Amino acid sequence: MKQSKVFIPTMKEEPAGAEARSHSLLLKGGLIKQSTSGIYSYLPLATKVLNNIEAIIREEMENIDAVEILMPALQQSELWEESGRWNAYGPELMRLKDRNGREFALGPTHEEVVTSLVRDELKSYKQLPLTLFQIQSKYRDEKRPRFGLLRGREFIMKDAYSFHADETSLDEAYQQMYDAYKRIFSRVGLNARPVVADSGAIGGSHTHEFMALSEIGEDTIVYSQQSDYAANIEKAEVVYSPNEKHDEIQSLTKVATPDVKTAQALADFLEKPLDETTKSMVFKVEGEFIMVLIRGHHEINDVKLKSYFETDNIEFATEDEIVNLLGAKPGSLGPVFDKDIKVYADNYIQDLNNIVVGANEDGYHLLNANVGRDFEVEAFGDFRFILEGEPLADGSGEAHFAEGIEVGQVFKLGKKYSESMNATILDNQGRAQSLLMGCYGIGVSRTLSAIVEQNSDENGIIWPKSVTPYDVHLITINPKKDDQRELADQLYAQIKESYQVLYDDRKERAGVKFNDADLIGLPIRIVVGKNASEGIVEVKRRDTGDSEDVHVDQLVNYI
Ligand code: ATP
Ligand code: MG
């Protein structure tokens, strides 16, 4: 394609407001353009990359007998009422009404639609297993759309759904999809790894996320250097190995702790190490107040709380609620009270006795509080995030941390949707059974961005060969010179027989063309310049920067 015909609005300046490298490079390279917050147009180069990524996905899906369909993005509320998600999904669901006042959502995902699609058609175990997939725009009114395509409000997803008569069949499909995802991410040029993830309160039983390693990633991966253990930090289990620091029990003492609002401030004030202080937090679990106690140097993990209480309906109590309940503001809370509020404590609280806790009176704490004497603990459990260096649950050594971008997820849903939406089949005994389901997503537009995040240098993008918009960038230094223009025209006709060529025929200065070429990042650059009359051109690799003069007779071979 001649560059003068392609729409590539590159920018000379750094784009304002781009927080991620990929966001900035995609804007600067003229690959995407923001329409409004979290919503983008994909310009010609990005569209080509998307097509390439999608082609790889389609190949790998077909390879495991997944078949492509296309479901509606507009979804009637009735389906979501059936699954119970019309209320549960919350403000992320983009809702709208038709002219008759009937409610719809713009699909953020398609479990409801696909379940209603198959329940009417699948009758017998003989029709199973079945895996359907689609590639389509999804809509989520994200609280904080950011980093360009990494977290959009409209984004492209490949979503697949599998249907089974028994667990063995679901396990097989899950494993096949898992393996296909590994191949897909490696083929598109991403360094991504599968990590064990949390399946949510009422979700299925088993799930992995695929994480592209990147500093900008919003997820923390906990991994082992000795084994293949890798888990999302939300899920990474903390092993409790007691290390008790128990002194002689002392009497409960109230102390004034003016202006002390955090564990660190408390530690400083009392001249104690942070890990010998505690934090008390009040949560509302399905409307009921509970208190959770953890050590000062630990952080509460709400995902673990949700899985412990088997509900998604957990939130921090508001300050007003807390004041009403305990008569003090956060910062002075503790478990010593005469109220019907259950106290849950992190396992590591057990290492301490004579602990310091808030007195439930603003500006006061209690020293030497002890479980059993001063307060009761309903249960001890793993309620916090693991720390770097702590032992891993598989016994393979210490926890290492890395940041990752979630580019895909595979999920055993089980009967979650088939039961609520009444999707049954007859098993081999002729009995009605709820279908077993799996669901599997890839963020296609996020993957594009993650590829850029991992493949760039200070001058621009470095596209992996497998997804690059064009293979070769052909540039004339001075198209006004006949020998250069003629040779370039001839090479263009010749090379495009075997490769995708972007031919920079624009009447721009050579410096501008080179800058744009680096920015756009095609794997091979061919420069037709002063040696054109001898049939010699310069060939440069974008990744290594190595360049060589090559005679046109050898050129196609050389490429
Ligand atoms: P996240 O935790 O990042 O919000 P998610 O777990 O809610 O993502 P899924 O429901 O698992 O997302 O969707 C499947 C895939 O779609 C994700 O693995 C991710 O790659 C992609 N995705 C999800 N939300 C977005 C978004 N707002 N913008 C771009 N891609 C997204
Ligand atoms: Mg996910």
# chains A, B, ... in the order shown; residues from 1 in each chain; ligands from 1
>>> select_by_dssp(residues="region 26-242 of chain A", states="alpha helix (DSSP H)", output="number ranges by chain")
A: 26-28, 44-63, 77-83, 85-88, 111-119, 167-187
>>> residues_near_ligand(ligand="ligand 2", cutoff="8 Å", atoms="only C-alpha atoms and all ligand atoms", output="PyMOL selection string")
chain A and resi 209+406+408-409+441
>>> residues_near_ligand(ligand="ligand 1", cutoff="9 Å", atoms="only C-alpha atoms and all ligand atoms", output="PyMOL selection string")
chain A and resi 38+108-109+138-142+144-146+148-159+209-211+218-219+405-411+440-447
>>> write_last_selection(atoms="N, CA and C atoms", output="short mmCIF file (atom, residue, chain, number, x, y, z; two decimals), in the first residue's frame")
data_model
loop_
_atom_site.label_atom_id
_atom_site.label_comp_id
_atom_site.auth_asym_id
_atom_site.auth_seq_id
_atom_site.Cartn_x
_atom_site.Cartn_y
_atom_site.Cartn_z
N GLY A 38 -12.38 6.41 27.20
CA GLY A 38 -12.47 4.95 27.13
C GLY A 38 -13.05 4.41 25.85
N PRO A 108 -21.69 -6.62 28.14
CA PRO A 108 -20.34 -6.59 28.68
C PRO A 108 -19.70 -7.98 28.57
N THR A 109 -20.52 -8.98 28.29
CA THR A 109 -20.15 -10.39 28.26
C THR A 109 -21.41 -11.12 27.82
N LYS A 138 -17.37 -5.21 23.24
CA LYS A 138 -18.05 -5.33 24.53
C LYS A 138 -18.11 -3.95 25.17
N TYR A 139 -19.08 -3.78 26.05
CA TYR A 139 -19.32 -2.48 26.67
C TYR A 139 -19.33 -2.60 28.18
N ARG A 140 -18.47 -1.85 28.83
CA ARG A 140 -18.47 -1.81 30.30
C ARG A 140 -18.21 -0.38 30.72
N ASP A 141 -19.11 0.14 31.54
CA ASP A 141 -18.93 1.51 31.98
C ASP A 141 -17.94 1.52 33.15
N GLU A 142 -16.67 1.32 32.81
CA GLU A 142 -15.61 1.21 33.81
C GLU A 142 -15.53 2.49 34.64
N ARG A 144 -12.87 3.70 36.07
CA ARG A 144 -11.70 4.47 35.65
C ARG A 144 -11.15 3.94 34.34
N PRO A 145 -11.76 4.36 33.21
CA PRO A 145 -11.17 3.95 31.93
C PRO A 145 -9.79 4.57 31.86
N ARG A 146 -8.78 3.81 31.48
CA ARG A 146 -7.46 4.44 31.39
C ARG A 146 -6.49 3.59 30.60
N GLY A 148 -5.50 3.98 27.66
CA GLY A 148 -5.89 3.75 26.27
C GLY A 148 -6.71 2.48 26.13
N LEU A 149 -6.24 1.58 25.25
CA LEU A 149 -7.00 0.36 24.98
C LEU A 149 -6.94 -0.63 26.13
N LEU A 150 -6.05 -0.40 27.10
CA LEU A 150 -5.91 -1.40 28.17
C LEU A 150 -7.17 -1.47 29.03
N ARG A 151 -7.77 -0.34 29.31
CA ARG A 151 -9.05 -0.37 30.04
C ARG A 151 -10.01 0.61 29.39
N GLY A 152 -10.75 0.08 28.42
CA GLY A 152 -11.69 0.91 27.70
C GLY A 152 -13.11 0.69 28.19
N ARG A 153 -14.01 1.50 27.69
CA ARG A 153 -15.44 1.27 27.99
C ARG A 153 -16.10 0.52 26.84
N GLU A 154 -15.53 0.66 25.64
CA GLU A 154 -15.90 -0.20 24.52
C GLU A 154 -14.60 -0.88 24.09
N PHE A 155 -14.58 -2.20 24.07
CA PHE A 155 -13.35 -2.90 23.72
C PHE A 155 -13.69 -4.20 23.00
N ILE A 156 -12.69 -4.76 22.34
CA ILE A 156 -12.96 -5.97 21.55
C ILE A 156 -12.57 -7.20 22.35
N MET A 157 -13.47 -8.15 22.40
CA MET A 157 -13.20 -9.38 23.14
C MET A 157 -13.47 -10.59 22.26
N LYS A 158 -12.66 -11.61 22.46
CA LYS A 158 -13.02 -12.93 21.94
C LYS A 158 -13.60 -13.65 23.12
N ASP A 159 -14.84 -14.07 23.03
CA ASP A 159 -15.41 -14.84 24.13
C ASP A 159 -15.92 -16.17 23.62
N GLU A 209 -6.02 -16.82 34.98
CA GLU A 209 -5.88 -15.61 34.17
C GLU A 209 -4.56 -15.70 33.43
N PHE A 210 -4.53 -15.14 32.23
CA PHE A 210 -3.27 -15.05 31.48
C PHE A 210 -2.77 -13.62 31.62
N MET A 211 -1.57 -13.50 32.17
CA MET A 211 -1.03 -12.19 32.49
C MET A 211 0.16 -11.88 31.60
N GLU A 218 -2.09 -3.85 36.16
CA GLU A 218 -2.85 -3.49 37.36
C GLU A 218 -2.97 -4.67 38.31
N ASP A 219 -2.51 -5.84 37.88
CA ASP A 219 -2.57 -7.01 38.74
C ASP A 219 -1.17 -7.38 39.22
N ILE A 405 -0.67 -7.60 33.08
CA ILE A 405 -1.90 -7.13 32.45
C ILE A 405 -2.72 -8.38 32.14
N GLU A 406 -3.96 -8.43 32.61
CA GLU A 406 -4.79 -9.61 32.33
C GLU A 406 -5.25 -9.54 30.88
N VAL A 407 -4.70 -10.42 30.05
CA VAL A 407 -5.10 -10.42 28.64
C VAL A 407 -6.13 -11.50 28.34
N GLY A 408 -6.27 -12.47 29.23
CA GLY A 408 -7.27 -13.51 28.99
C GLY A 408 -7.61 -14.23 30.28
N GLN A 409 -8.72 -14.94 30.23
CA GLN A 409 -9.12 -15.72 31.40
C GLN A 409 -9.91 -16.94 30.96
N VAL A 410 -9.63 -18.07 31.58
CA VAL A 410 -10.42 -19.28 31.33
C VAL A 410 -11.11 -19.66 32.64
N PHE A 411 -12.33 -20.14 32.55
CA PHE A 411 -13.18 -20.22 33.72
C PHE A 411 -14.11 -21.44 33.63
N TYR A 440 -14.54 -18.44 28.37
CA TYR A 440 -13.13 -18.20 28.08
C TYR A 440 -13.00 -16.89 27.30
N GLY A 441 -12.31 -15.90 27.87
CA GLY A 441 -12.23 -14.60 27.21
C GLY A 441 -10.81 -14.19 26.87
N ILE A 442 -10.69 -13.46 25.78
CA ILE A 442 -9.42 -12.80 25.47
C ILE A 442 -9.74 -11.35 25.16
N GLY A 443 -9.04 -10.43 25.80
CA GLY A 443 -9.19 -9.02 25.47
C GLY A 443 -8.36 -8.74 24.22
N VAL A 444 -9.03 -8.67 23.08
CA VAL A 444 -8.29 -8.54 21.81
C VAL A 444 -7.64 -7.16 21.70
N SER A 445 -8.42 -6.11 21.98
CA SER A 445 -7.84 -4.76 21.89
C SER A 445 -6.83 -4.55 23.02
N ARG A 446 -7.09 -5.15 24.19
CA ARG A 446 -6.11 -5.04 25.27
C ARG A 446 -4.82 -5.78 24.90
N THR A 447 -4.96 -6.90 24.20
CA THR A 447 -3.79 -7.65 23.76
C THR A 447 -2.94 -6.81 22.82
#
>>> closest_residue(among="A:Phe316, A:Tyr42, A:Phe289, A:Phe133", to="Gly29 (chain A)", atoms="only C-alpha atoms")
A:Tyr42
>>> atom_distance(atom1="CA of Ser332 (chain A)", atom2="CA of Tyr364 (chain A)")
6.3 Å
>>> select_by_dssp(residues="region 154-369 of chain A", states="strand (DSSP E or B)", output="VMD selection string")
chain A and resid 154 to 164 192 to 196 206 to 213 219 to 223 230 to 232 245 253 to 256 278 to 285 288 to 295 300 314 to 316 342 to 346 352 355 to 358 364 to 369
>>> residues_around(residues="Leu487 (chain A)", least_positions_apart="6", cutoff="9 Å", atoms="only C-alpha atoms", output="list in words")
Val528, Ala532, Ser533 and Gly535 of chain A
>>> closest_residue(among="A:Tyr178, A:Phe269, A:Tyr40, A:Tyr229", to="Met61 (chain A)", atoms="only C-alpha atoms")
A:Tyr178
>>> closest_residue(among="A:Ala263, A:Val467, A:Val472, A:Val501", to="His298 (chain A)", atoms="only C-alpha atoms")
A:Ala263
>>> atom_distance(atom1="CA of Asp471 (chain A)", atom2="CA of Arg525 (chain A)")
8.7 Å
>>> residues_around(residues="Tyr503 (chain A)", least_positions_apart="3", cutoff="8 Å", atoms="only C-alpha atoms", output="MDAnalysis selection string")
chainID A and resid 1:3 473:475 492
